[in-house]
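Written out below as structure tokens is the structure these notes cover.
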Amino acid sequence: MLNRLIIVSAMYQILSIHFSPSICSAKNVSAMFVFGDSLVGGAHICMDAQINNFAKTRQDIISRIGAAAARKLLRQALYIIVKGANVVFDKAASSSHDDDSIYFDDMISKFRSQLTSLYNLDAREIAVTNSRPVGCTPNQRDRFSTDDCVVARVNQLSKLYNTRLKNLLTTLTTSLAGSTFVYQDTYAALEDILQNYKSYGFENADSACCRVLGKHGG
């Protein structure tokens with residue numbers, strides 16, 4: 001069930017950007033590119049590899065329509081980056097005792113480099129989702145043997161990451177000329193759905209739609 005919530009939340013974020021007059025109108029969006037966690041059937045393609053693939057796609061577009069037209073198309077395109085939860089999952093599952101702040105500072109520093117690489121490939125309108133409340137997932141409920149969405153340690157990790165991400169996007173919008181980096185609050189959107197799941201037509205808010213192992217199928 002939570003997987004369905006994630007899809008609903010992601011679609012909400014995408015549509016809210018796509019039709020927001022403060023970002024761009026639908027008629028002005030020339031293309032849409034999506035990057036992020038676990039893109040292909042659960043297989044993980046790292047962000048660096050996704051950017052490299054986009055660079056190849058960009059070159060293909062240039063070869064087809066020319067550099068000037070390609071630059072115009074790419075700079076009018078909308079870029080959706082769904083990232084953050086895997087970073088939090090990895091930290092929550094790690095046996096390392098490294099300081100949480102240092103870990104997320106390192107992750108954000110790397111993400112800054114990746115987003116700057118996208119900018120250098122002509123991306124200008126970039127929307128980035130934050131980490132959802134990972135402590136509420138069936139996986140974490142089963143791991144910590146709880147029925148409640150109160151895996152406080154894990155949700156705190158999400159909040160630590162989200163604070164740094166929001167600051168990063170504000171900084172990039174200021175420092176990279178002509179760019180707009182939009183912070184999409186998936187945490188708040190999914191939290192609302194989890195707390196009010198019946199009003200969204202769901203029977204429960206704690207079970208995976210594709211059950212694997214454990215009480216909650218996580």
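Convention: chains lettered A, B, ... in structure tokens order; per-chain residue numbering from 1; ligands numbered from 1 as shown.
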
Can you list, as an NGL selection string, every protein, DNA or RNA residue that comes within 12 Å of Gly84 (chain A) when you count only C-alpha atoms, leaving out same-chain residues fewer than 4 positions away?
-> :A and (35-38 or 47 or 88-91 or 104 or 107-108 or 111 or 128-134 or 157-166 or 183-187)

Using N, CA and C atoms, can you export the residues from the last selection as a CSV table (one decimal), in the first residue's frame?
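Here's the written file out.csv:
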chain,number,residue,atom,x,y,z
A,35,PHE,N,14.8,11.8,-13.1
A,35,PHE,CA,16.0,11.1,-12.5
A,35,PHE,C,15.6,10.7,-11.1
A,36,GLY,N,16.4,9.7,-10.6
A,36,GLY,CA,16.1,9.4,-9.2
A,36,GLY,C,16.4,8.0,-8.8
A,37,ASP,N,15.9,7.7,-7.6
A,37,ASP,CA,16.1,6.4,-6.9
A,37,ASP,C,15.3,5.3,-7.6
A,38,SER,N,16.0,4.1,-7.8
A,38,SER,CA,15.4,2.9,-8.2
A,38,SER,C,14.4,3.0,-9.4
A,47,MET,N,23.1,8.0,-9.6
A,47,MET,CA,22.8,9.3,-10.1
A,47,MET,C,23.9,9.7,-11.2
A,88,VAL,N,18.7,8.0,3.0
A,88,VAL,CA,18.3,7.8,4.4
A,88,VAL,C,18.3,6.3,4.7
A,89,PHE,N,17.7,5.5,3.8
A,89,PHE,CA,17.7,4.0,4.0
A,89,PHE,C,19.1,3.5,4.3
A,90,ASP,N,20.1,3.9,3.4
A,90,ASP,CA,21.4,3.5,3.5
A,90,ASP,C,22.0,3.8,4.9
A,91,LYS,N,21.8,5.0,5.3
A,91,LYS,CA,22.3,5.5,6.6
A,91,LYS,C,21.7,4.7,7.8
A,104,PHE,N,25.5,13.3,6.1
A,104,PHE,CA,24.6,14.0,5.2
A,104,PHE,C,25.3,15.2,4.5
A,107,MET,N,26.9,13.7,1.6
A,107,MET,CA,25.9,13.4,0.6
A,107,MET,C,25.4,14.6,-0.2
A,108,ILE,N,25.2,15.7,0.5
A,108,ILE,CA,24.7,16.9,-0.1
A,108,ILE,C,25.8,17.6,-0.9
A,111,PHE,N,25.7,15.7,-4.1
A,111,PHE,CA,24.5,16.1,-4.8
A,111,PHE,C,24.7,17.4,-5.5
A,128,VAL,N,13.3,19.1,-7.2
A,128,VAL,CA,13.9,18.0,-6.4
A,128,VAL,C,13.0,17.6,-5.2
A,129,THR,N,12.6,16.3,-5.2
A,129,THR,CA,11.8,15.9,-4.0
A,129,THR,C,12.7,15.6,-2.8
A,130,ASN,N,12.2,15.9,-1.6
A,130,ASN,CA,13.0,15.6,-0.5
A,130,ASN,C,12.8,14.1,-0.1
A,131,SER,N,13.3,13.7,1.1
A,131,SER,CA,13.1,12.4,1.6
A,131,SER,C,11.7,12.3,2.2
A,132,ARG,N,11.0,11.2,1.9
A,132,ARG,CA,9.7,11.0,2.6
A,132,ARG,C,10.0,10.5,4.0
A,133,PRO,N,9.0,10.4,4.8
A,133,PRO,CA,9.2,9.8,6.2
A,133,PRO,C,9.6,8.4,6.2
A,134,VAL,N,10.8,8.1,6.0
A,134,VAL,CA,11.3,6.7,5.8
A,134,VAL,C,10.9,5.8,7.0
A,157,LEU,N,16.5,11.2,10.6
A,157,LEU,CA,17.5,11.1,9.5
A,157,LEU,C,16.9,11.8,8.3
A,158,SER,N,15.7,11.5,8.0
A,158,SER,CA,15.0,12.2,6.8
A,158,SER,C,15.0,13.7,7.0
A,159,LYS,N,14.7,14.1,8.2
A,159,LYS,CA,14.6,15.6,8.5
A,159,LYS,C,16.0,16.2,8.4
A,160,LEU,N,17.0,15.5,8.8
A,160,LEU,CA,18.4,16.1,8.7
A,160,LEU,C,18.8,16.3,7.3
A,161,TYR,N,18.5,15.2,6.5
A,161,TYR,CA,18.7,15.3,5.0
A,161,TYR,C,17.9,16.5,4.4
A,162,ASN,N,16.7,16.5,4.7
A,162,ASN,CA,15.8,17.5,4.1
A,162,ASN,C,16.2,18.9,4.4
A,163,THR,N,16.6,19.2,5.6
A,163,THR,CA,17.1,20.6,5.9
A,163,THR,C,18.2,21.0,5.0
A,164,ARG,N,19.2,20.1,4.9
A,164,ARG,CA,20.4,20.4,4.1
A,164,ARG,C,20.0,20.5,2.6
A,165,LEU,N,19.1,19.7,2.1
A,165,LEU,CA,18.7,19.7,0.7
A,165,LEU,C,18.0,21.1,0.4
A,166,LYS,N,17.1,21.5,1.3
A,166,LYS,CA,16.4,22.8,1.1
A,166,LYS,C,17.4,24.0,1.0
A,183,TYR,N,12.2,23.0,-4.3
A,183,TYR,CA,12.2,22.0,-3.2
A,183,TYR,C,10.7,21.5,-3.1
A,184,GLN,N,10.6,20.2,-3.4
A,184,GLN,CA,9.2,19.6,-3.4
A,184,GLN,C,9.1,18.7,-2.1
A,185,ASP,N,8.2,19.1,-1.2
A,185,ASP,CA,8.1,18.5,0.1
A,185,ASP,C,7.3,17.2,0.1
A,186,THR,N,7.9,16.1,-0.4
A,186,THR,CA,7.3,14.8,-0.3
A,186,THR,C,7.0,14.3,1.1
A,187,TYR,N,7.9,14.8,2.0
A,187,TYR,CA,7.7,14.4,3.4
A,187,TYR,C,6.4,14.8,3.9

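Reported to one decimal place, the separation of CA of Gly135 (chain A) from CA of Ser113 (chain A) is 27.8 Å.
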
Check region 85-193 of chain A with DSSP on the backbone and list each residue it calls alpha helix (DSSP H), as a ChimeraX atom specification.
-> /A:85-93,100-120,138-143,152-175,186-193

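Taking only C-alpha atoms into account, Gly178 (chain A) lies nearest to A:Gln76 out of the set A:Ser94, A:Gln76, A:Gln156, A:Asn86.
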
Take CA of Ala68 (chain A) and CA of Ile81 (chain A) and report the distance between them in Å, one decimal.
-> 25.2 Å

If we count only C-alpha atoms, what is near Asp122 (chain A) at a cut-off of 12 Å, once residues fewer than 4 positions away on the same chain are taken out, given as a ChimeraX atom specification?
-> /A:51,54-55,58-59,62,67-79,115-118,126,176-179

Written selection (N, CA and C atoms) as a compact mmCIF listing (two decimals), in the first residue's frame:
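Final output, result_33.txt:
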# COMPACT_ATOMS: atom_id res chain seq x y z
N ILE A 51 23.16 10.80 -15.05
CA ILE A 51 23.61 12.05 -15.68
C ILE A 51 24.44 11.76 -16.92
N PHE A 54 22.08 10.98 -19.61
CA PHE A 54 21.44 12.20 -20.10
C PHE A 54 22.38 12.97 -21.02
N ALA A 55 23.67 13.00 -20.68
CA ALA A 55 24.65 13.68 -21.54
C ALA A 55 24.67 13.06 -22.94
N ARG A 58 21.54 14.15 -24.69
CA ARG A 58 21.71 15.54 -25.10
C ARG A 58 22.49 15.62 -26.41
N GLN A 59 23.56 14.84 -26.51
CA GLN A 59 24.35 14.85 -27.74
C GLN A 59 23.54 14.33 -28.93
N ILE A 62 21.29 17.12 -30.02
CA ILE A 62 22.08 18.11 -30.77
C ILE A 62 22.32 17.64 -32.20
N ALA A 67 22.71 22.54 -32.37
CA ALA A 67 23.07 22.98 -31.02
C ALA A 67 22.13 24.06 -30.49
N ALA A 68 21.80 25.04 -31.31
CA ALA A 68 20.97 26.15 -30.84
C ALA A 68 19.57 25.67 -30.46
N ALA A 69 18.94 24.87 -31.33
CA ALA A 69 17.60 24.37 -31.05
C ALA A 69 17.61 23.42 -29.85
N ALA A 70 18.66 22.61 -29.73
CA ALA A 70 18.77 21.69 -28.61
C ALA A 70 18.90 22.45 -27.29
N ARG A 71 19.71 23.49 -27.30
CA ARG A 71 19.88 24.29 -26.08
C ARG A 71 18.55 24.91 -25.65
N LYS A 72 17.80 25.42 -26.62
CA LYS A 72 16.50 26.02 -26.30
C LYS A 72 15.55 24.98 -25.73
N LEU A 73 15.49 23.81 -26.37
CA LEU A 73 14.61 22.74 -25.89
C LEU A 73 14.98 22.33 -24.48
N LEU A 74 16.27 22.10 -24.24
CA LEU A 74 16.71 21.59 -22.94
C LEU A 74 16.53 22.63 -21.84
N ARG A 75 16.70 23.90 -22.17
CA ARG A 75 16.56 24.94 -21.15
C ARG A 75 15.10 25.24 -20.82
N GLN A 76 14.20 24.84 -21.70
CA GLN A 76 12.76 25.00 -21.43
C GLN A 76 12.15 23.73 -20.83
N ALA A 77 12.94 22.67 -20.75
CA ALA A 77 12.44 21.39 -20.25
C ALA A 77 12.30 21.43 -18.73
N LEU A 78 11.51 20.51 -18.23
CA LEU A 78 11.30 20.36 -16.79
C LEU A 78 12.05 19.10 -16.33
N TYR A 79 12.83 19.25 -15.28
CA TYR A 79 13.64 18.14 -14.76
C TYR A 79 13.11 17.76 -13.37
N LEU A 115 24.01 18.13 -9.38
CA LEU A 115 23.06 19.12 -9.87
C LEU A 115 23.76 20.18 -10.72
N THR A 116 24.97 20.53 -10.34
CA THR A 116 25.74 21.49 -11.14
C THR A 116 26.08 20.89 -12.50
N SER A 117 26.36 19.60 -12.54
CA SER A 117 26.62 18.92 -13.81
C SER A 117 25.39 18.98 -14.71
N LEU A 118 24.20 18.77 -14.14
CA LEU A 118 22.97 18.88 -14.91
C LEU A 118 22.79 20.30 -15.45
N ILE A 126 14.59 22.80 -12.41
CA ILE A 126 14.87 21.52 -11.77
C ILE A 126 14.09 21.42 -10.46
N LEU A 176 23.64 29.91 -9.59
CA LEU A 176 23.69 29.45 -10.99
C LEU A 176 22.71 30.29 -11.82
N ALA A 177 23.24 31.15 -12.64
CA ALA A 177 22.45 32.13 -13.38
C ALA A 177 21.36 31.47 -14.22
N GLY A 178 20.13 31.99 -14.11
CA GLY A 178 19.03 31.52 -14.93
C GLY A 178 18.39 30.23 -14.45
N SER A 179 18.83 29.72 -13.31
CA SER A 179 18.30 28.43 -12.83
C SER A 179 17.18 28.65 -11.83

As a check of understanding: the span from CA of Ala127 (chain A) to CA of Val182 (chain A) is 4.5 Å

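Proximity ranking of A:Val87, A:Arg124, A:Lys198, A:Asp99 relative to Thr180 (chain A) places A:Arg124 first, based on only C-alpha atoms.
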